[in-house]
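Asker: Contents of coords17.cif (mmCIF, C-alpha atoms):
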data_protein
#
loop_
_atom_site.label_atom_id
_atom_site.label_comp_id
_atom_site.auth_asym_id
_atom_site.auth_seq_id
_atom_site.Cartn_x
_atom_site.Cartn_y
_atom_site.Cartn_z
CA MET L 1 73.02 53.89 5.87
CA THR L 2 72.38 50.14 5.83
CA THR L 3 70.20 49.38 2.82
CA LEU L 4 68.70 45.92 2.50
CA SER L 5 66.19 44.53 -0.01
CA ALA L 6 62.50 43.71 0.25
CA GLY L 7 63.15 40.76 -2.02
CA ALA L 8 60.68 39.48 -4.57
CA PRO L 9 57.29 41.17 -4.99
CA LEU L 10 54.20 39.36 -3.73
CA GLU L 11 53.17 38.61 -7.31
CA HIS L 12 54.23 39.42 -10.85
CA PRO L 13 53.20 43.06 -11.42
CA SER L 14 50.66 43.89 -14.12
CA HIS L 15 52.01 47.45 -14.27
CA PRO L 16 55.35 49.07 -13.54
CA ILE L 17 54.83 51.35 -10.56
CA GLY L 18 56.28 54.57 -9.24
CA ARG L 19 56.45 56.02 -5.75
CA ARG L 20 56.40 59.64 -4.63
CA THR L 21 56.79 61.06 -1.14
CA VAL L 22 55.30 64.51 -0.59
CA SER L 23 54.47 66.80 2.32
CA LEU L 24 51.21 68.76 2.53
CA VAL L 25 50.13 71.49 4.93
CA ASP L 26 46.46 71.89 5.86
CA GLY L 27 45.99 75.61 6.46
CA ALA L 28 42.42 75.04 7.65
CA ARG L 29 43.66 72.95 10.60
CA ALA L 30 46.39 75.03 12.21
CA ASP L 31 48.88 74.28 9.42
CA ARG L 32 48.79 70.57 10.17
CA ARG L 33 51.64 68.99 8.21
CA MET L 34 51.15 65.58 6.65
CA ASP L 35 53.74 63.40 4.95
CA LEU L 36 52.34 60.92 2.47
CA ASP L 37 53.48 58.32 -0.02
CA ILE L 38 51.77 57.69 -3.33
CA TRP L 39 52.19 54.48 -5.35
CA TYR L 40 50.84 54.54 -8.90
CA PRO L 41 50.98 52.79 -12.29
CA ALA L 42 54.02 54.11 -14.12
CA THR L 43 55.73 53.99 -17.48
CA GLU L 44 58.73 51.77 -18.09
CA SER L 45 61.34 54.30 -17.13
CA GLY L 46 64.20 52.21 -15.81
CA ALA L 47 64.29 54.44 -12.74
CA GLU L 48 66.12 53.21 -9.66
CA LYS L 49 64.25 51.29 -6.98
CA SER L 50 62.59 53.37 -4.29
CA ILE L 51 64.07 53.23 -0.77
CA TYR L 52 62.10 52.91 2.48
CA GLU L 53 63.84 54.09 5.67
CA ILE L 54 62.25 52.23 8.59
CA PHE L 55 64.67 53.23 11.36
CA PRO L 56 67.33 55.96 11.36
CA GLY L 57 70.15 54.55 9.26
CA VAL L 58 68.26 51.37 8.29
CA ALA L 59 66.40 51.09 5.00
CA PHE L 60 65.39 48.61 2.32
CA SER L 61 64.91 48.88 -1.41
CA ALA L 62 61.41 48.37 -2.77
CA ALA L 63 60.20 45.13 -4.28
CA VAL L 64 59.04 46.88 -7.47
CA ALA L 65 58.39 50.60 -6.86
CA GLN L 66 60.56 52.99 -8.88
CA HIS L 67 61.71 56.31 -7.49
CA HIS L 68 59.73 59.18 -9.05
CA ALA L 69 58.89 57.23 -12.22
CA PRO L 70 56.55 59.07 -14.63
CA ALA L 71 52.87 58.15 -14.25
CA ALA L 72 51.30 55.94 -16.89
CA ALA L 73 48.44 57.18 -19.03
CA GLY L 74 44.94 56.01 -18.14
CA SER L 75 42.35 56.17 -15.38
CA PHE L 76 42.82 54.12 -12.23
CA PRO L 77 40.88 53.51 -8.99
CA VAL L 78 42.08 55.27 -5.85
CA VAL L 79 42.83 53.53 -2.54
CA LEU L 80 43.38 55.81 0.46
CA PHE L 81 45.14 53.74 3.13
CA SER L 82 45.28 54.62 6.84
CA HIS L 83 47.91 53.11 9.17
CA GLY L 84 47.17 51.62 12.57
CA ARG L 85 48.03 53.05 15.97
CA THR L 86 51.78 53.71 16.35
CA GLY L 87 52.18 52.89 12.66
CA MET L 88 53.83 54.61 9.73
CA ARG L 89 52.63 55.38 6.24
CA ILE L 90 55.24 52.97 4.80
CA SER L 91 54.45 50.10 7.19
CA TYR L 92 52.33 48.41 4.49
CA SER L 93 54.61 48.86 1.49
CA MET L 94 54.21 45.31 0.20
CA LEU L 95 50.41 45.62 0.14
CA CYS L 96 50.47 49.13 -1.36
CA GLU L 97 52.97 48.19 -4.05
CA ALA L 98 50.95 45.11 -5.00
CA LEU L 99 47.69 47.06 -5.34
CA ALA L 100 49.41 49.72 -7.43
CA ALA L 101 50.96 47.02 -9.60
CA ARG L 102 47.48 45.66 -10.29
CA GLY L 103 46.38 49.11 -11.44
CA ALA L 104 45.47 51.47 -8.58
CA VAL L 105 46.66 54.81 -7.24
CA VAL L 106 47.40 54.10 -3.57
CA VAL L 107 47.95 56.89 -1.03
CA SER L 108 49.11 56.44 2.57
CA ALA L 109 49.71 59.32 4.99
CA ASP L 110 51.16 59.54 8.48
CA HIS L 111 48.59 60.68 11.07
CA PRO L 112 50.43 63.23 13.27
CA GLY L 113 49.72 62.47 16.90
CA ASP L 114 49.39 58.72 16.32
CA ALA L 115 52.44 57.83 14.23
CA LEU L 116 55.36 55.80 15.56
CA ALA L 117 57.54 58.89 16.09
CA ASP L 118 54.83 60.53 18.21
CA TRP L 119 54.62 57.54 20.54
CA LEU L 120 58.40 57.21 20.82
CA THR L 121 58.65 60.88 21.85
CA ALA L 122 55.53 60.90 24.08
CA GLN L 123 53.69 63.31 21.77
CA GLN L 124 50.68 61.09 21.07
CA VAL L 125 47.19 62.57 21.35
CA ASP L 126 44.12 61.27 23.19
CA ASP L 127 41.68 58.94 21.41
CA ARG L 128 38.96 61.49 20.70
CA THR L 129 41.45 63.97 19.23
CA ASN L 130 43.07 61.17 17.25
CA GLU L 131 39.77 60.08 15.74
CA THR L 132 38.82 63.65 14.79
CA ASN L 133 42.27 64.21 13.28
CA ARG L 134 42.20 60.97 11.33
CA VAL L 135 38.86 61.69 9.67
CA GLY L 136 39.98 65.22 8.81
CA ASP L 137 43.25 63.84 7.42
CA ALA L 138 41.40 61.46 5.10
CA HIS L 139 39.26 64.26 3.63
CA PHE L 140 42.25 66.56 3.21
CA VAL L 141 44.46 64.00 1.46
CA LEU L 142 41.69 62.86 -0.88
CA ASP L 143 40.85 66.44 -1.82
CA ALA L 144 44.52 67.15 -2.55
CA LEU L 145 44.87 64.07 -4.73
CA LEU L 146 41.60 64.37 -6.63
CA HIS L 147 41.46 68.14 -7.09
CA GLY L 148 45.15 68.86 -7.44
CA HIS L 149 47.84 70.24 -5.16
CA GLN L 150 51.10 71.96 -5.99
CA GLU L 151 53.08 69.25 -4.18
CA ILE L 152 51.44 66.36 -6.08
CA PRO L 153 52.60 65.90 -9.68
CA ALA L 154 49.82 66.70 -12.14
CA GLY L 155 50.38 63.39 -13.91
CA ILE L 156 49.31 61.49 -10.78
CA THR L 157 46.23 63.64 -10.19
CA GLU L 158 45.17 63.15 -13.81
CA ILE L 159 45.10 59.35 -13.58
CA ALA L 160 43.22 59.17 -10.23
CA ASP L 161 39.59 58.31 -11.01
CA PRO L 162 37.26 60.24 -8.63
CA SER L 163 34.39 57.86 -9.42
CA ARG L 164 36.30 54.84 -8.04
CA VAL L 165 37.47 55.85 -4.57
CA PHE L 166 38.07 53.23 -1.88
CA LEU L 167 38.93 53.90 1.76
CA ALA L 168 41.08 51.30 3.51
CA GLY L 169 43.01 50.90 6.72
CA HIS L 170 44.56 48.55 9.25
CA SER L 171 43.45 48.41 12.90
CA TYR L 172 42.76 52.03 13.94
CA GLY L 173 43.12 52.83 10.26
CA ALA L 174 39.97 50.81 9.63
CA TYR L 175 38.16 53.15 12.04
CA THR L 176 39.50 56.03 9.92
CA ALA L 177 38.12 54.49 6.74
CA TYR L 178 34.66 53.61 8.05
CA ALA L 179 34.21 56.81 10.07
CA THR L 180 35.22 58.90 7.06
CA ALA L 181 32.64 57.16 4.90
CA ALA L 182 29.93 57.51 7.55
CA GLY L 183 30.75 61.01 8.80
CA ALA L 184 31.99 61.28 12.38
CA ARG L 185 33.43 63.67 14.99
CA GLY L 186 31.70 66.66 13.43
CA VAL L 187 32.96 65.93 9.92
CA ALA L 188 30.46 65.22 7.14
CA PRO L 189 30.42 61.84 5.38
CA ARG L 190 32.70 61.45 2.40
CA GLU L 191 30.55 61.43 -0.69
CA GLN L 192 31.04 59.06 -3.62
CA VAL L 193 33.07 56.43 -1.80
CA ARG L 194 32.59 53.15 -3.63
CA GLY L 195 33.90 50.82 -0.95
CA VAL L 196 35.52 50.60 2.48
CA ILE L 197 38.11 47.99 3.48
CA GLY L 198 39.13 47.18 7.05
CA PHE L 199 42.12 44.92 7.72
CA GLN L 200 42.11 43.45 11.27
CA PRO L 201 39.81 46.35 12.13
CA PHE L 202 39.49 48.38 15.31
CA MET L 203 35.80 49.35 15.33
CA ARG L 204 34.55 48.87 18.87
CA THR L 205 34.21 52.63 19.48
CA MET L 206 31.84 52.93 16.51
CA SER L 207 28.19 52.97 17.58
CA GLU L 208 25.52 50.89 15.88
CA ALA L 209 24.08 54.09 14.39
CA LEU L 210 27.48 55.12 13.01
CA LEU L 211 28.04 51.70 11.42
CA GLN L 212 24.61 51.83 9.82
CA ARG L 213 25.50 55.17 8.20
CA VAL L 214 28.16 53.47 6.11
CA ARG L 215 26.33 53.10 2.80
CA ALA L 216 29.30 52.06 0.72
CA ALA L 217 30.23 48.46 -0.03
CA SER L 218 32.42 46.85 2.62
CA LEU L 219 35.22 44.31 2.98
CA LEU L 220 36.28 43.16 6.44
CA VAL L 221 39.49 41.11 6.78
CA VAL L 222 39.59 39.28 10.09
CA ALA L 223 42.56 37.41 11.63
CA GLU L 224 41.76 34.33 13.70
CA LEU L 225 44.51 34.90 16.30
CA ASP L 226 44.06 38.66 16.60
CA THR L 227 44.12 39.57 20.30
CA THR L 228 44.62 43.31 19.72
CA THR L 229 41.35 43.87 17.86
CA PRO L 230 39.49 40.61 18.51
CA ALA L 231 36.66 39.90 16.10
CA ASP L 232 33.91 39.45 18.70
CA ILE L 233 33.96 43.12 19.71
CA ASN L 234 35.12 44.62 16.42
CA ALA L 235 34.51 42.91 13.07
CA ASP L 236 31.57 40.79 14.27
CA ARG L 237 29.63 43.88 15.38
CA ALA L 238 30.43 45.66 12.15
CA TRP L 239 29.44 42.66 10.02
CA THR L 240 26.04 42.67 11.74
CA HIS L 241 25.27 46.36 11.25
CA LEU L 242 26.93 47.40 7.98
CA SER L 243 24.25 47.80 5.34
CA GLY L 244 26.26 48.55 2.18
CA ARG L 245 26.26 45.99 -0.62
CA PRO L 246 28.12 44.05 -1.65
CA SER L 247 29.62 43.16 1.74
CA TRP L 248 32.48 40.69 1.94
CA ARG L 249 34.28 39.16 4.91
CA LEU L 250 37.57 37.26 4.76
CA ASP L 251 38.65 35.21 7.80
CA LEU L 252 42.36 34.37 7.89
CA ASP L 253 43.15 31.14 9.71
CA GLY L 254 46.23 31.06 11.93
CA CYS L 255 46.95 34.77 11.59
CA GLY L 256 47.19 37.62 14.06
CA HIS L 257 46.86 41.37 14.21
CA GLN L 258 49.83 42.23 11.96
CA ALA L 259 48.71 39.96 9.11
CA VAL L 260 48.66 42.79 6.56
CA SER L 261 51.66 44.88 7.65
CA ASP L 262 55.37 44.72 6.79
CA ILE L 263 56.33 43.66 10.32
CA ALA L 264 57.29 40.15 9.20
CA LEU L 265 59.52 41.64 6.52
CA TYR L 266 61.27 43.78 9.15
CA ALA L 267 61.85 40.70 11.29
CA GLU L 268 63.18 38.85 8.25
CA LEU L 269 65.70 41.63 7.58
CA ALA L 270 66.74 42.14 11.22
CA ASP L 271 69.60 39.62 11.18
CA ASP L 272 71.31 41.59 8.43
CA VAL L 273 71.30 44.89 10.31
CA PRO L 274 74.62 45.44 12.11
CA ASP L 275 74.42 46.76 15.65
CA LEU L 276 70.64 46.60 15.73
CA PRO L 277 69.68 47.28 19.37
CA GLN L 278 68.59 44.11 21.13
CA LEU L 279 65.42 45.86 22.29
CA VAL L 280 64.40 46.44 18.68
CA ARG L 281 65.32 42.90 17.70
CA ASP L 282 63.29 41.43 20.58
CA TYR L 283 60.31 43.61 19.66
CA LEU L 284 60.37 42.42 16.06
CA MET L 285 60.71 38.78 16.99
CA ALA L 286 57.83 39.04 19.46
CA THR L 287 55.60 40.97 17.07
CA VAL L 288 56.18 38.80 14.03
CA VAL L 289 53.74 36.26 15.45
CA GLY L 290 51.15 38.92 14.71
CA SER L 291 51.65 38.19 11.03
CA SER L 292 51.13 34.44 10.89
CA GLY L 293 51.29 31.71 13.48
CA PRO L 294 53.63 28.70 13.57
CA GLY L 295 52.90 26.15 10.89
CA THR L 296 50.71 28.47 8.81
CA ARG L 297 51.25 29.97 5.37
CA PRO L 298 54.36 32.15 4.89
CA TRP L 299 53.72 35.84 5.53
CA ARG L 300 54.10 36.76 1.87
CA GLN L 301 51.32 34.37 0.96
CA VAL L 302 49.13 35.80 3.74
CA VAL L 303 49.53 39.35 2.39
CA SER L 304 49.12 38.11 -1.19
CA ASP L 305 45.80 36.47 -0.25
CA GLN L 306 44.58 39.80 1.11
CA VAL L 307 45.66 41.60 -2.06
CA GLU L 308 43.80 39.08 -4.22
CA VAL L 309 40.57 39.38 -2.23
CA THR L 310 40.85 43.18 -2.04
CA TRP L 311 41.26 43.46 -5.80
CA ALA L 312 38.37 41.08 -6.51
CA PHE L 313 36.19 43.11 -4.12
CA MET L 314 37.10 46.37 -5.85
CA GLN L 315 36.29 44.88 -9.23
CA ALA L 316 32.96 43.54 -7.98
CA VAL L 317 31.98 46.91 -6.52
CA CYS L 318 32.79 48.65 -9.82
CA GLY L 319 30.79 46.12 -11.82
CA GLU L 320 33.87 44.68 -13.49
CA GLU L 321 34.55 41.07 -14.33
CA HIS L 322 36.13 39.33 -11.36
CA SER L 323 36.72 35.93 -9.87
CA ILE L 324 36.12 34.90 -6.27
CA PRO L 325 39.36 33.54 -4.79
CA VAL L 326 39.11 29.87 -3.85
CA GLY L 327 40.54 28.10 -0.84
CA LEU L 328 39.89 31.02 1.53
CA ARG L 329 37.16 31.54 4.13
CA LEU L 330 35.29 34.24 2.28
CA GLN L 331 31.69 35.26 2.93
CA HIS L 332 29.80 37.69 0.71
CA ARG L 333 26.29 39.09 0.59
#
Let's see the structure in the file written out as structure tokens.
Answerer:
Amino acid sequence: MTTLSAGAPLEHPSHPIGRRTVSLVDGARADRRMDLDIWYPATESGAEKSIYEIFPGVAFSAAVAQHHAPAAAGSFPVVLFSHGRTGMRISYSMLCEALAARGAVVVSADHPGDALADWLTAQQVDDRTNETNRVGDAHFVLDALLHGHQEIPAGITEIADPSRVFLAGHSYGAYTAYATAAGARGVAPREQVRGVIGFQPFMRTMSEALLQRVRAASLLVVAELDTTTPADINADRAWTHLSGRPSWRLDLDGCGHQAVSDIALYAELADDVPDLPQLVRDYLMATVVGSSGPGTRPWRQVVSDQVEVTWAFMQAVCGEEHSIPVGLRLQHR
């Protein structure tokens, strides 16, 4: 196993954090198995750094997350994060760690049928099935976290505040978040969601009526150079029809579709991986432009900006004292 390092965290953590990986089986949906990671405020335990395996035999140690550290006492907001098409639950580790370090319980699950392994083995599902599965996955994972599950340590369930639940996602994961809040594909809306967050969102399959059913507060994070989910047919439509308040929109200059993911970190680490197939190396180098364009802010700063705005949005929605980040193209209403 080649184990590298994620390097420094995006910002100095306010809390130590732990990470748990668990597997759940949904008996109500043909024993659908879901693997998920949970990041959470933890005690100072001195536990070893958590390890993320991104390819077989290639891994990196976390920036701050500790392996199976005991959960801290308290009550913390919940962020359920949904990965994009062909993604993985750990593809946003820097973002998830940073939110947990600010004081949130963050959960990210693989969506079987639309995870990277499914696409590599030609086992991906069609779009309609994928969307139905994703919404069902979100409900199942939230219920397990908030109401308890034998595979989730009780200490984590106890600190997850059911009155401060946020749904978030990147690309197709943004569809998951908004459709779960609104109710879609025969699944009822998720009650008591405080806010929904879409990073470089894929939302063009959502009808005007569906968008208008999202009553929760909303944050859209749009990347100027995004050609995968361009704003004019995704975020712009949503911004027009979403009725929840407050509604925020952050436009990232000089950034592309992968602005929130770990893809730039993977590209940064690629030179230190012996015998990395050239095909993988070429893919990473080509895709890294989806994080930030030439001459723009470093990718860590881009992700850090999104963390700062996300946290301020969450605080605003919960009626807590917050400050609006300066120097960014941020609209709010």
Asker: Selection in question (the file shown): the PyMOL selection byres ((chain L and resi 135-147) around 8). Which residues does it include, as a PyMOL selection string?
Answerer: chain L and resi 26+80+109+111+131-134+148-149+152+156-157+160-162+176-177+179-180+184-185+187+190
Asker: Kindly provide, as a ChimeraX atom specification, the polymer residues lying within 6 Å of (51.3, 48.2, 5.2), counting only C-alpha atoms and using the coordinates exactly as they appear in the file.
Answerer: /L:91-93,95,261-262
Asker: Expanded to explicit residues, what is the PyMOL selection byres ((chain L and resi 108) around 8) for this file, as a list of chain:residue names?
Answerer: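 Given this file, the PyMOL selection byres ((chain L and resi 108) around 8) evaluates to L:Leu36, L:Asp37, L:Ile38, L:Leu80, L:Phe81, L:Ser82, L:His83, L:Arg89, L:Ile90, L:Val106, L:Val107, L:Ala109, L:Asp110.
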Asker: Between CA of Pro201 (chain L) and CA of Arg297 (chain L), measure the distance and give it in Å to one decimal.
Answerer: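 For CA of Pro201 (chain L) relative to CA of Arg297 (chain L), the distance reads 21.1 Å.
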Asker: Which polymer residues have any atom within 9 Å of an atom of Asp226 (chain L), counting only C-alpha atoms, with same-chain residues fewer than 5 positions away left out, as a PDB file with C-alpha atoms, in the coordinates of the input?
Answerer:
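Result written to around.pdb:
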ATOM      1  CA  GLN L 200      42.110  43.450  11.270  1.00  0.00           C
ATOM      2  CA  ALA L 231      36.660  39.900  16.100  1.00  0.00           C
ATOM      3  CA  CYS L 255      46.950  34.770  11.590  1.00  0.00           C
ATOM      4  CA  GLY L 256      47.190  37.620  14.060  1.00  0.00           C
ATOM      5  CA  HIS L 257      46.860  41.370  14.210  1.00  0.00           C
ATOM      6  CA  GLN L 258      49.830  42.230  11.960  1.00  0.00           C
ATOM      7  CA  ALA L 259      48.710  39.960   9.110  1.00  0.00           C
ATOM      8  CA  GLY L 290      51.150  38.920  14.710  1.00  0.00           C
TER       9      GLY L 290
END
Asker: Starting from the PyMOL selection byres ((chain L and resi 311-324) around 9), expand the selection into actual residues of this file and give them as number ranges by chain.
Answerer: L: 77, 99, 102, 164, 166, 194-195, 217-219, 245-248, 306-310, 325-326, 330
Asker: Okay, now the selection with C-alpha atoms, as a PDB file, in the frame of the given file?
Answerer:
ATOM      1  CA  PRO L  77      40.880  53.510  -8.990  1.00  0.00           C
ATOM      2  CA  LEU L  99      47.690  47.060  -5.340  1.00  0.00           C
ATOM      3  CA  ARG L 102      47.480  45.660 -10.290  1.00  0.00           C
ATOM      4  CA  ARG L 164      36.300  54.840  -8.040  1.00  0.00           C
ATOM      5  CA  PHE L 166      38.070  53.230  -1.880  1.00  0.00           C
ATOM      6  CA  ARG L 194      32.590  53.150  -3.630  1.00  0.00           C
ATOM      7  CA  GLY L 195      33.900  50.820  -0.950  1.00  0.00           C
ATOM      8  CA  ALA L 217      30.230  48.460  -0.030  1.00  0.00           C
ATOM      9  CA  SER L 218      32.420  46.850   2.620  1.00  0.00           C
ATOM     10  CA  LEU L 219      35.220  44.310   2.980  1.00  0.00           C
ATOM     11  CA  ARG L 245      26.260  45.990  -0.620  1.00  0.00           C
ATOM     12  CA  PRO L 246      28.120  44.050  -1.650  1.00  0.00           C
ATOM     13  CA  SER L 247      29.620  43.160   1.740  1.00  0.00           C
ATOM     14  CA  TRP L 248      32.480  40.690   1.940  1.00  0.00           C
ATOM     15  CA  GLN L 306      44.580  39.800   1.110  1.00  0.00           C
ATOM     16  CA  VAL L 307      45.660  41.600  -2.060  1.00  0.00           C
ATOM     17  CA  GLU L 308      43.800  39.080  -4.220  1.00  0.00           C
ATOM     18  CA  VAL L 309      40.570  39.380  -2.230  1.00  0.00           C
ATOM     19  CA  THR L 310      40.850  43.180  -2.040  1.00  0.00           C
ATOM     20  CA  PRO L 325      39.360  33.540  -4.790  1.00  0.00           C
ATOM     21  CA  VAL L 326      39.110  29.870  -3.850  1.00  0.00           C
ATOM     22  CA  LEU L 330      35.290  34.240   2.280  1.00  0.00           C
TER      23      LEU L 330
END
Asker: Between CA of Val105 (chain L) and CA of Gln301 (chain L), what is the distance in Å, rounded to a tenth?
Answerer: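 CA of Gln301 (chain L) lies 22.5 Å from CA of Val105 (chain L).
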Asker: If we count all atoms listed in the file and set the cut-off at 7 Å, which residues sit around Ser23 (chain L), ignoring sequence neighbours fewer than 2 positions away in its own chain? Please answer as a VMD selection string.
Answerer: chain L and resid 25 33 to 36
Asker: Quick one: residues within 7 Å of Ala101 (chain L), all atoms listed in the file counted, chain neighbours fewer than 6 positions away excluded, as an mmCIF file with C-alpha atoms, keeping the file's coordinate frame?
Answerer:
data_model
loop_
_atom_site.group_PDB
_atom_site.id
_atom_site.type_symbol
_atom_site.label_atom_id
_atom_site.label_comp_id
_atom_site.auth_asym_id
_atom_site.auth_seq_id
_atom_site.Cartn_x
_atom_site.Cartn_y
_atom_site.Cartn_z
ATOM 1 C CA PRO L 13 53.200 43.060 -11.420
ATOM 2 C CA SER L 14 50.660 43.890 -14.120
ATOM 3 C CA HIS L 15 52.010 47.450 -14.270
ATOM 4 C CA PRO L 16 55.350 49.070 -13.540
ATOM 5 C CA ILE L 17 54.830 51.350 -10.560
ATOM 6 C CA PRO L 41 50.980 52.790 -12.290
#
Asker: To one decimal place, how far is CA of His67 (chain L) from CA of Ile263 (chain L) in Å?
Answerer: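 Taking CA of His67 (chain L) and CA of Ile263 (chain L), their separation equals 22.5 Å.
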Asker: Quick one: residues within 9 Å of (61.3, 55.7, -6.9) (file frame), counting all atoms listed in the file, please, as an NGL selection string.
Answerer: :L and (17-20 or 47-51 or 62 or 65-69)
